[in-house]
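Next comes model09.cif, a file with mmCIF, C-alpha atoms.
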data_query
loop_
_atom_site.label_atom_id
_atom_site.label_comp_id
_atom_site.auth_asym_id
_atom_site.auth_seq_id
_atom_site.Cartn_x
_atom_site.Cartn_y
_atom_site.Cartn_z
CA MET L 1 140.36 93.63 69.69
CA GLU L 2 137.91 95.39 71.90
CA ASN L 3 135.20 97.53 70.34
CA LEU L 4 133.52 100.38 72.09
CA ASN L 5 130.24 101.43 70.50
CA ILE L 6 129.31 105.03 70.03
CA PRO L 7 126.02 106.01 68.28
CA GLY L 8 125.83 106.08 64.50
CA PRO L 9 125.16 109.83 64.10
CA LEU L 10 128.65 110.49 65.37
CA LEU L 11 130.09 108.64 62.43
CA LEU L 12 128.09 110.76 60.01
CA LEU L 13 129.05 113.92 61.84
CA ALA L 14 132.66 112.93 61.82
CA SER L 15 132.75 112.23 58.11
CA ALA L 16 130.78 115.40 57.43
CA LEU L 17 133.32 117.42 59.36
CA ASN L 18 135.98 115.85 57.18
CA LEU L 19 138.56 116.15 59.87
CA LEU L 20 141.91 114.50 59.29
CA PRO L 21 143.05 112.24 60.90
CA LEU L 22 139.52 111.55 62.15
CA TRP L 23 137.58 108.63 60.69
CA GLY L 24 134.88 107.41 62.98
CA CYS L 25 133.85 106.43 66.39
CA LEU L 26 134.09 102.70 66.93
CA LEU L 27 137.21 102.56 68.96
CA SER L 28 139.42 99.60 69.44
CA LEU L 29 142.89 99.08 70.72
CA SER L 30 145.17 96.64 69.03
CA ALA L 31 148.65 95.66 70.07
CA CYS L 32 150.58 95.52 66.86
CA SER L 33 153.47 93.95 68.69
CA SER L 34 151.67 90.71 67.95
CA LEU L 35 151.82 91.50 64.22
CA ILE L 36 155.40 92.78 64.15
CA PRO L 37 157.39 90.65 66.57
CA GLN L 38 159.89 92.92 68.21
CA ASP L 39 162.19 90.00 68.85
CA PHE L 40 162.90 89.70 65.16
CA TYR L 41 163.53 93.34 64.35
CA SER L 42 165.44 94.80 67.21
CA ASP L 43 165.63 98.26 65.71
CA SER L 44 162.08 98.56 64.43
CA PRO L 45 159.74 100.94 66.24
CA GLY L 46 156.94 98.41 66.75
CA GLY L 47 154.64 99.58 69.45
CA PHE L 48 150.93 100.06 69.73
CA GLU L 49 148.45 101.52 67.30
CA ILE L 50 145.06 103.09 67.70
CA ASN L 51 142.19 101.95 65.50
CA LEU L 52 139.23 104.17 64.85
CA ASP L 53 136.39 102.28 63.23
CA HIS L 54 138.80 99.63 61.92
CA ARG L 55 141.03 102.22 60.30
CA LYS L 56 144.38 103.09 61.72
CA LEU L 57 144.90 106.44 63.30
CA LYS L 58 147.46 108.62 61.59
CA THR L 59 149.32 111.74 62.63
CA PRO L 60 148.66 115.12 60.98
CA GLN L 61 151.60 114.40 58.68
CA ALA L 62 149.94 111.12 57.71
CA LYS L 63 152.41 108.88 59.51
CA LEU L 64 151.13 105.79 61.22
CA PHE L 65 150.29 106.54 64.83
CA THR L 66 152.41 104.22 66.96
CA VAL L 67 153.29 104.62 70.59
CA PRO L 68 155.93 102.69 72.51
CA SER L 69 153.95 102.08 75.66
CA GLU L 70 150.73 100.15 76.15
CA ALA L 71 149.57 102.37 78.98
CA LEU L 72 150.06 105.43 76.77
CA ALA L 73 148.07 103.80 73.97
CA ILE L 74 145.25 103.01 76.38
CA ALA L 75 145.22 106.60 77.61
CA VAL L 76 145.11 107.95 74.03
CA ALA L 77 142.30 105.53 73.18
CA THR L 78 140.41 106.75 76.25
CA GLU L 79 140.85 110.33 75.05
CA TRP L 80 139.30 109.45 71.70
CA ASP L 81 136.61 107.45 73.39
CA SER L 82 135.52 110.33 75.61
CA GLN L 83 134.73 112.54 72.63
CA LYS L 84 130.96 112.60 72.39
CA ASP L 85 129.11 114.75 69.86
CA THR L 86 132.06 116.62 68.48
CA ILE L 87 135.76 115.98 68.43
CA LYS L 88 137.46 118.52 70.61
CA PHE L 89 141.12 118.32 69.76
CA TYR L 90 141.99 120.92 72.35
CA THR L 91 141.06 118.46 75.09
CA MET L 92 143.15 115.63 73.67
CA HIS L 93 146.50 116.55 75.10
CA LEU L 94 148.10 113.11 75.03
CA THR L 95 147.15 112.62 71.39
CA THR L 96 148.67 115.99 70.56
CA LEU L 97 151.87 115.12 72.39
CA CYS L 98 152.14 111.79 70.57
CA ASN L 99 151.58 113.55 67.25
CA THR L 100 154.30 116.04 68.10
CA ALA L 101 156.70 113.29 69.05
CA LEU L 102 155.97 111.31 65.89
CA ASP L 103 155.96 114.20 63.42
CA ASN L 104 158.50 116.49 65.10
CA PRO L 105 157.06 119.48 63.26
CA THR L 106 159.71 121.87 64.56
CA GLN L 107 162.30 119.42 63.24
CA ARG L 108 164.57 119.67 66.20
CA ASN L 109 167.04 117.00 67.09
CA LYS L 110 167.85 115.85 70.61
CA THR L 111 170.61 118.42 71.16
CA GLN L 112 168.42 121.30 70.09
CA LEU L 113 165.57 120.14 72.30
CA ILE L 114 167.85 119.89 75.32
CA ARG L 115 169.35 123.28 74.57
CA ALA L 116 165.87 124.84 74.36
CA ALA L 117 164.90 123.21 77.65
CA VAL L 118 168.02 124.27 79.57
CA LYS L 119 167.81 127.78 78.13
CA PHE L 120 164.65 128.21 80.16
CA LEU L 121 166.72 128.08 83.31
CA GLU L 122 167.94 131.61 82.64
CA THR L 123 164.37 132.84 82.79
CA ASP L 124 163.06 130.36 85.30
CA THR L 125 159.96 131.56 87.12
CA VAL L 126 161.08 130.44 90.57
CA CYS L 127 164.31 132.38 90.23
CA TYR L 128 162.68 135.70 89.47
CA ARG L 129 161.68 137.42 92.69
CA VAL L 130 159.87 140.64 93.34
CA GLU L 131 160.75 143.14 96.01
CA GLU L 132 157.29 144.50 96.56
CA PRO L 133 154.57 143.99 97.69
CA PRO L 134 156.33 142.48 100.71
CA ALA L 135 153.59 139.91 101.19
CA LEU L 136 154.24 138.53 97.73
CA ALA L 137 158.00 138.63 98.23
CA GLU L 138 157.53 136.69 101.44
CA LEU L 139 155.24 134.19 99.73
CA GLN L 140 157.76 133.65 96.95
CA LYS L 141 160.51 133.11 99.50
CA ASN L 142 158.47 130.58 101.47
CA GLU L 143 157.13 128.66 98.52
CA TRP L 144 159.90 128.83 95.95
CA ASP L 145 163.04 128.64 98.09
CA PRO L 146 162.39 125.01 99.11
CA VAL L 147 162.03 123.93 95.48
CA VAL L 148 165.21 125.71 94.43
CA ALA L 149 167.03 124.21 97.42
CA TRP L 150 165.75 120.76 96.47
CA ALA L 151 166.97 121.18 92.89
CA GLU L 152 170.36 122.42 94.02
CA LYS L 153 170.73 119.47 96.35
CA ARG L 154 169.37 116.85 93.99
CA TYR L 155 171.53 117.89 91.03
CA ASN L 156 174.46 119.22 93.05
CA VAL L 157 174.38 122.62 91.33
CA THR L 158 174.15 126.30 92.18
CA ILE L 159 171.14 128.17 90.95
CA GLY L 160 170.12 130.92 93.35
CA SER L 161 167.47 133.55 92.76
CA SER L 162 167.48 137.22 91.88
CA THR L 163 165.36 140.33 92.12
CA SER L 164 167.08 142.05 89.22
CA ILE L 165 165.52 142.26 85.80
CA LEU L 166 168.38 140.29 84.31
CA GLY L 167 167.63 137.31 86.45
CA PRO L 168 169.97 134.95 88.23
CA ASN L 169 173.48 134.28 87.05
CA ILE L 170 173.47 130.58 86.21
CA PRO L 171 177.00 129.13 86.14
CA ALA L 172 177.95 127.09 83.10
CA SER L 173 178.55 123.99 85.21
CA THR L 174 174.90 124.07 86.30
CA LYS L 175 173.77 124.16 82.69
CA GLU L 176 176.16 121.34 81.82
CA THR L 177 174.73 119.21 84.60
CA PHE L 178 171.21 119.67 83.37
CA VAL L 179 172.24 119.07 79.77
CA SER L 180 173.81 115.76 80.64
CA HIS L 181 170.89 114.81 82.86
CA LEU L 182 168.36 115.51 80.13
CA ALA L 183 170.48 113.59 77.64
CA SER L 184 169.56 110.43 79.52
CA TYR L 185 165.94 110.73 78.33
CA ASN L 186 164.83 109.46 74.94
CA MET L 187 163.47 111.71 72.20
CA TRP L 188 159.81 111.19 73.08
CA ALA L 189 160.33 111.92 76.75
CA LEU L 190 162.31 115.04 75.82
CA GLN L 191 159.42 116.38 73.75
CA GLY L 192 157.24 115.90 76.81
CA ILE L 193 159.77 117.56 79.13
CA GLU L 194 160.15 120.55 76.85
CA PHE L 195 156.36 120.82 76.69
CA VAL L 196 156.02 120.83 80.47
CA ILE L 197 158.78 123.42 80.80
CA THR L 198 157.01 125.67 78.28
CA GLN L 199 153.74 125.32 80.14
CA LEU L 200 155.10 125.91 83.64
CA LYS L 201 157.65 128.48 82.46
CA SER L 202 160.16 126.86 84.75
CA LEU L 203 162.83 124.20 84.36
CA ILE L 204 163.15 123.71 88.10
CA LEU L 205 159.45 123.09 88.63
CA SER L 206 159.36 120.71 85.68
CA MET L 207 162.28 118.70 86.97
CA SER L 208 160.82 118.48 90.45
CA LEU L 209 157.58 117.30 88.87
CA ILE L 210 159.30 114.72 86.69
CA ASP L 211 161.35 113.51 89.63
CA ARG L 212 158.05 113.07 91.49
CA HIS L 213 159.05 115.53 94.18
CA ILE L 214 155.81 117.51 93.86
CA THR L 215 152.38 116.78 92.43
CA VAL L 216 150.96 118.37 89.28
CA GLU L 217 148.55 120.53 91.29
CA LYS L 218 151.39 121.81 93.44
CA ALA L 219 153.63 122.52 90.45
CA VAL L 220 150.86 124.48 88.76
CA LEU L 221 150.20 126.37 91.97
CA LEU L 222 153.86 127.30 92.29
CA SER L 223 154.02 128.32 88.66
CA ARG L 224 151.03 130.59 89.10
CA LEU L 225 152.07 131.86 92.51
CA GLU L 226 151.73 135.53 91.76
CA GLU L 227 148.37 134.99 90.07
CA GLU L 228 147.11 133.05 93.07
CA TYR L 229 148.29 135.86 95.33
CA GLN L 230 146.41 138.43 93.27
CA ILE L 231 143.32 136.21 93.19
CA GLN L 232 143.35 135.96 96.97
CA ARG L 233 143.73 139.70 97.16
CA TRP L 234 141.28 140.85 94.50
CA GLY L 235 138.99 137.92 93.91
CA ASN L 236 138.58 135.06 91.51
CA VAL L 237 137.12 135.38 88.01
CA GLU L 238 135.87 131.93 87.12
CA TRP L 239 135.75 132.27 83.38
CA ALA L 240 139.35 133.43 83.23
CA HIS L 241 141.24 132.21 86.27
CA ASP L 242 139.67 128.79 86.69
CA TYR L 243 139.66 128.31 82.93
CA ASP L 244 143.40 128.96 82.71
CA LEU L 245 144.04 126.91 85.82
CA CYS L 246 142.21 123.86 84.46
CA GLU L 247 143.91 124.18 81.11
CA LEU L 248 147.36 124.49 82.65
CA ARG L 249 146.73 121.55 84.95
CA ALA L 250 145.51 119.43 82.06
CA ARG L 251 148.49 120.22 79.87
CA THR L 252 151.02 119.79 82.65
CA ALA L 253 149.47 116.52 83.78
CA ALA L 254 149.44 115.27 80.20
CA GLY L 255 153.06 116.24 79.69
CA THR L 256 154.21 114.63 82.93
CA LEU L 257 152.30 111.45 82.28
CA PHE L 258 153.68 111.38 78.75
CA VAL L 259 157.26 111.68 80.01
CA HIS L 260 156.81 108.95 82.59
CA LEU L 261 155.09 106.55 80.22
CA CYS L 262 157.71 107.11 77.54
CA SER L 263 160.67 106.60 79.83
CA GLU L 264 159.27 103.66 81.75
CA SER L 265 161.44 100.73 82.62
CA SER L 266 160.06 97.24 82.78
CA THR L 267 158.94 97.34 86.40
CA VAL L 268 155.75 95.41 85.66
CA LYS L 269 157.69 92.50 84.25
CA HIS L 270 159.77 92.20 87.40
CA LYS L 271 156.67 91.95 89.50
CA LEU L 272 155.29 89.16 87.36
CA LEU L 273 158.54 87.24 87.61
CA GLN L 274 158.47 87.48 91.38
CA ASP L 275 154.98 86.04 91.46
CA MET S 276 154.75 113.44 97.60
CA ALA S 277 153.11 113.93 100.96
CA ALA S 278 150.21 115.66 99.21
CA LEU S 279 149.20 112.53 97.32
CA GLY S 280 146.94 111.01 99.92
CA THR S 281 146.19 107.33 100.17
CA PRO S 282 146.37 105.14 97.07
CA LEU S 283 142.84 103.91 97.68
CA ARG S 284 141.48 107.41 97.45
CA THR S 285 143.39 108.08 94.25
CA LEU S 286 142.16 104.82 92.76
CA ARG S 287 138.53 105.51 93.58
CA ALA S 288 138.68 109.04 92.22
CA LEU S 289 140.43 107.80 89.08
CA LEU S 290 137.82 105.13 88.47
CA ARG S 291 135.11 107.71 88.97
CA GLU S 292 136.72 109.98 86.38
CA LEU S 293 136.99 107.09 83.95
CA ARG S 294 133.31 106.43 84.47
CA HIS S 295 132.53 110.04 83.55
CA ALA S 296 134.72 109.83 80.49
CA ALA S 297 133.53 106.48 79.19
CA GLY S 298 129.80 106.51 79.77
CA ARG S 299 127.76 103.34 79.82
CA SER S 300 130.26 100.58 79.26
CA TYR S 301 132.98 102.02 81.46
CA ARG S 302 133.80 98.73 83.11
CA ASP S 303 134.77 97.18 79.80
CA SER S 304 136.97 100.07 78.77
CA PRO S 305 140.67 99.24 78.44
CA ALA S 306 141.64 102.10 80.73
CA TYR S 307 139.44 100.86 83.57
CA ARG S 308 140.77 97.35 83.35
CA HIS S 309 144.36 98.48 82.99
CA VAL S 310 144.16 100.73 86.05
CA LEU S 311 142.60 98.00 88.18
CA ALA S 312 145.09 95.41 86.98
CA ALA S 313 148.03 97.74 87.66
CA PHE S 314 146.86 98.52 91.17
CA ARG S 315 146.21 94.87 91.93
CA ALA S 316 149.58 93.82 90.54
CA HIS S 317 151.39 96.33 92.72
CA ARG S 318 148.99 95.91 95.64
CA VAL S 319 149.37 99.52 96.56
CA THR S 320 149.15 100.03 100.30
CA SER S 321 150.33 102.94 102.36
CA GLU S 322 152.53 100.81 104.62
CA LYS S 323 154.95 99.48 102.06
CA LEU S 324 157.78 101.65 100.78
CA CYS S 325 158.10 100.00 97.42
CA ARG S 326 159.41 102.40 94.78
CA ALA S 327 157.35 100.87 92.01
CA GLN S 328 154.21 101.36 94.07
CA GLN S 329 155.08 105.01 94.64
CA GLU S 330 155.71 105.46 90.94
CA LEU S 331 152.39 103.87 90.09
CA HIS S 332 150.57 105.97 92.66
CA PHE S 333 152.15 109.15 91.28
CA GLN S 334 151.22 108.15 87.73
CA ALA S 335 147.66 107.39 88.80
CA ALA S 336 147.41 110.74 90.58
CA THR S 337 148.77 112.51 87.50
CA TYR S 338 146.30 110.75 85.22
CA LEU S 339 143.52 111.59 87.66
CA CYS S 340 144.56 115.25 87.55
CA LEU S 341 144.55 115.10 83.74
CA LEU S 342 141.08 113.59 83.47
CA ARG S 343 139.62 115.84 86.11
CA SER S 344 141.07 119.07 84.72
CA VAL S 345 140.07 118.19 81.15
CA ARG S 346 136.52 117.61 82.32
CA GLU S 347 136.44 120.85 84.32
CA HIS S 348 138.05 122.78 81.49
CA GLU S 349 135.47 121.50 79.05
CA ALA S 350 132.64 122.39 81.43
CA LEU S 351 133.99 125.91 81.87
CA HIS S 352 134.44 126.26 78.14
CA ARG S 353 130.88 125.14 77.49
CA GLU S 354 129.51 127.51 80.08
CA TYR S 355 131.48 130.65 79.31
CA HIS S 356 133.12 130.39 75.92
CA GLY S 357 131.03 127.97 73.91
CA ARG S 358 128.05 130.10 73.09
CA GLY S 359 129.30 131.44 69.76
CA GLU S 360 127.85 134.40 67.97
CA ARG S 361 124.31 135.61 68.33
CA SER S 362 122.00 135.09 65.37
CA PRO S 363 120.63 138.16 63.53
CA GLN S 364 117.26 137.60 65.20
CA GLU S 365 118.85 137.73 68.64
CA VAL S 366 120.83 140.83 67.81
CA ALA S 367 117.67 142.60 66.62
CA GLY S 368 115.89 141.42 69.72
CA LEU S 369 118.54 143.03 71.93
CA VAL S 370 117.23 146.48 70.97
CA GLY S 371 113.65 145.39 70.70
CA PHE S 372 113.37 145.06 66.93
CA ARG S 373 112.20 142.18 64.83
CA LEU S 374 113.60 141.25 61.47
CA PRO S 375 111.18 141.88 58.58
CA GLN S 376 109.40 138.85 57.15
CA GLN S 377 109.67 138.74 53.38
CA PRO S 378 107.48 135.99 51.98
CA GLY S 379 109.33 135.88 48.66
CA GLY S 380 112.73 135.74 50.29
CA LYS S 381 115.31 138.50 50.16
CA GLY S 382 115.09 140.80 47.18
#
As structure tokens - that is how I would like this structure written.
Amino acid sequence: MENLNIPGPLLLLASALNLLPLWGCLLSLSACSSLIPQDFYSDSPGGFEINLDHRKLKTPQAKLFTVPSEALAIAVATEWDSQKDTIKFYTMHLTTLCNTALDNPTQRNKTQLIRAAVKFLETDTVCYRVEEPPALAELQKNEWDPVVAWAEKRYNVTIGSSTSILGPNIPASTKETFVSHLASYNMWALQGIEFVITQLKSLILSMSLIDRHITVEKAVLLSRLEEEYQIQRWGNVEWAHDYDLCELRARTAAGTLFVHLCSESSTVKHKLLQD
Amino acid sequence: MAALGTPLRTLRALLRELRHAAGRSYRDSPAYRHVLAAFRAHRVTSEKLCRAQQELHFQAATYLCLLRSVREHEALHREYHGRGERSPQEVAGLVGFRLPQQPGGKG
């Protein structure tokens, strides 16, 4: 158990604010896989817990907060640890994602999640093109066409783009391909994927991000292409544009990291064996 | 992927962000140690084409983006959106008035 000390007044403040599931500020990370041996119960969740001031963190629906990956638990603990005078839940994106995955407040099963995700393809940002101004149309062609081409090649599907208000005509086989691809992810990773899609407003950009084809910054840039064009044209307003940009980047990065950490294979173990 | 830069750069920036997030005892924080251990275990260099190294580098870059944008977002929020409402004294002062002082409290 490692303890990280934060000043006493924070504890008083925290209890005064009476925020659930907040308890205090001494933060420690414990691997409960040592308490519940996963070898014995092959179907038990097990995983890692977060302790705040020696009390276990719980989700908003009062379930025990357990995550399947150690790296994810460390990242969540770091999020809690970086809260200073006040607890700002809107900055704790990984914690929020874990809570969503644990509680499933929308009560959707895997099929419904996948359906919601693939449905976004019909209104995918990178498929909707403008005709004017010509500079923007050109920019969209240069920036978005490569991503669409990559997706078509990678998944062996037809997507295309459209300037009509109805959007592109996505063939059913394309949707089927994506449905079966997404079915290979577990429930936690799917929550993360659906979150990223909702943030970027694009299934194609999300998949290229999750497949590590582009970075988070690039994906956010492509998602906000028209905004960036207008900013270059008319100027940047820091308290709106940069604010939204930082928030979108934070959420997208959190979602992507969440997906990767939840669908990780045991690559670290292989490396140790080779040593 | 070409936009990621060298792993060393990502690692240094990530450790710097962790330092900002953690404060004094950043070197003892689990995140700091985990990141260092992961990079050492994979010995990320730009020459090798190991897939696990690329995955780790991408994850590190993503985490770096997360930490950095959360910090910037918070700073922007503090500067532009965190002020809250003005107090009655400030509102009166906007038009040059002062609130009346009532020694016995409000009637």
Fill in: Residue IDs satisfying the PyMOL selection byres ((chain L) within 7 of (chain S)), as a PyMOL selection string
chain L and resi 74-75+78+81-82+91+212-216+239+243+246-247+249-250+253-254+257+267
Item to complete: Please indicate the distance in Å from atom CA of L:Cys127 to atom CA of L:Thr111, rounded to one decimal place.
Response: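 If I compute the distance from atom CA of L:Cys127 to atom CA of L:Thr111, I get 24.5 Å.
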Could you put an axis-aligned box around every listed atom of stretch 356-371 of chain S, padded by 8 Å on each side, and send me its centre and edge lengths in Å to one decimal, as AutoDock Vina command-line options?
--center_x 123.4 --center_y 137.2 --center_z 69.7 --size_x 35.5 --size_y 34.5 --size_z 28.4
Worksheet entry | One-decimal distance in Å that lies between atom CA of L:Lys218 and atom CA of L:Ser206 |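 These atoms are spaced 11.2 Å apart.
Relative to atom CA of L:Ser69, atom CA of L:Leu261 is found at 6.5 Å.
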Worksheet item: Pick from S:Ala312, S:Ala288, S:Val366, S:Cys325: nearest to L:Ala71, with only C-alpha atoms counted?
Response: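 Among the listed residues, S:Ala312 lies closest to L:Ala71.
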Discussion item. Considering all atoms listed in the file, can you say which of L:Glu194, L:Asp103, L:Glu228, L:Glu143 comes closest to L:Ala117?
Written reply: L:Glu194
Fill in: Residue nearest S:Arg308 among S:Gln376, S:Arg361, S:Leu290, S:Pro282 (counting all atoms listed in the file)
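With all atoms listed in the file as the atom set, the closest residue is S:Leu290.
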Discussion item. Given the PyMOL selection byres ((chain L and resi 164) around 10) and the file above, list the residues it selects as a PyMOL selection string.
Written reply: chain L and resi 128-131+161-163+165-168
Practice prompt. List the residues matched by the PyMOL selection byres ((chain L and resi 208) around 12) in the displayed structure as a ChimeraX atom specification, ordered by chain and then by residue number.
Written response: /L:126,144,146-155,193,196-197,200,202-207,209-216,218-220,222,256 /S:276
Item to complete: Mind checking which residues fall within 8 Å of L:Gly192, counting all atoms listed in the file, ignoring those fewer than 5 positions away in the same chain, and posting them as a ChimeraX atom specification?
Response: /L:97,255-256,258-259
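Residues lying at most 7 Å from (146.0, 111.0, 72.7) in file coordinates, with only C-alpha atoms considered, are Ala75, Val76, Ala77, Glu79, Trp80, Met92, His93, Leu94, Thr95, Thr96 and Cys98 of chain L.
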Fill in: Residues within 9 Å of (171.2, 123.8, 87.9), file coords, all atoms listed in the file, listed as a ChimeraX atom specification
/L:118,121,151-152,155-159,170-178,204
Is it possible to produce a file of stretch 303-362 of chain S from this structure, with C-alpha atoms, as a compact mmCIF listing (two decimals), in the first residue's frame?
# COMPACT_ATOMS: atom_id res chain seq x y z
CA ASP S 303 7.02 8.18 -5.47
CA SER S 304 3.70 8.31 -7.25
CA PRO S 305 2.54 5.01 -8.75
CA ALA S 306 2.02 6.60 -12.15
CA TYR S 307 5.59 7.87 -12.36
CA ARG S 308 7.05 4.54 -11.41
CA HIS S 309 4.72 2.60 -13.69
CA VAL S 310 5.56 4.77 -16.70
CA LEU S 311 9.30 4.47 -16.11
CA ALA S 312 9.08 0.74 -15.55
CA ALA S 313 6.99 0.25 -18.70
CA PHE S 314 9.41 2.23 -20.83
CA ARG S 315 12.40 0.41 -19.40
CA ALA S 316 10.76 -2.98 -19.88
CA HIS S 317 10.06 -2.26 -23.52
CA ARG S 318 13.26 -0.28 -24.02
CA VAL S 319 11.56 2.00 -26.46
CA THR S 320 13.93 3.14 -29.17
CA SER S 321 13.13 4.56 -32.56
CA GLU S 322 15.14 1.94 -34.45
CA LYS S 323 13.24 -1.14 -33.44
CA LEU S 324 9.93 -1.99 -35.10
CA CYS S 325 8.47 -3.90 -32.20
CA ARG S 326 4.68 -3.72 -32.15
CA ALA S 327 4.49 -3.71 -28.38
CA GLN S 328 6.84 -0.74 -28.26
CA GLN S 329 4.68 1.14 -30.74
CA GLU S 330 1.60 0.34 -28.71
CA LEU S 331 3.27 1.56 -25.55
CA HIS S 332 4.47 4.72 -27.24
CA PHE S 333 0.98 5.44 -28.55
CA GLN S 334 -0.52 4.84 -25.11
CA ALA S 335 2.06 7.11 -23.52
CA ALA S 336 1.36 9.82 -26.09
CA THR S 337 -2.38 9.47 -25.47
CA TYR S 338 -1.93 9.71 -21.72
CA LEU S 339 0.33 12.71 -22.22
CA CYS S 340 -2.38 14.36 -24.33
CA LEU S 341 -4.92 13.61 -21.60
CA LEU S 342 -2.84 15.09 -18.79
CA ARG S 343 -1.81 18.10 -20.80
CA SER S 344 -5.30 18.95 -22.05
CA VAL S 345 -6.86 18.48 -18.61
CA ARG S 346 -4.32 20.88 -17.17
CA GLU S 347 -4.86 23.43 -19.94
CA HIS S 348 -8.62 23.05 -19.71
CA GLU S 349 -8.54 23.66 -15.99
CA ALA S 350 -6.33 26.71 -16.44
CA LEU S 351 -8.69 28.15 -19.05
CA HIS S 352 -11.67 27.40 -16.85
CA ARG S 353 -10.05 29.15 -13.90
CA GLU S 354 -9.16 32.16 -15.98
CA TYR S 355 -12.37 32.67 -17.92
CA HIS S 356 -15.20 30.72 -16.36
CA GLY S 357 -14.31 30.29 -12.72
CA ARG S 358 -15.01 33.74 -11.40
CA GLY S 359 -18.62 33.13 -10.36
CA GLU S 360 -21.10 35.85 -9.59
CA ARG S 361 -20.22 39.29 -8.37
CA SER S 362 -21.05 40.11 -4.76
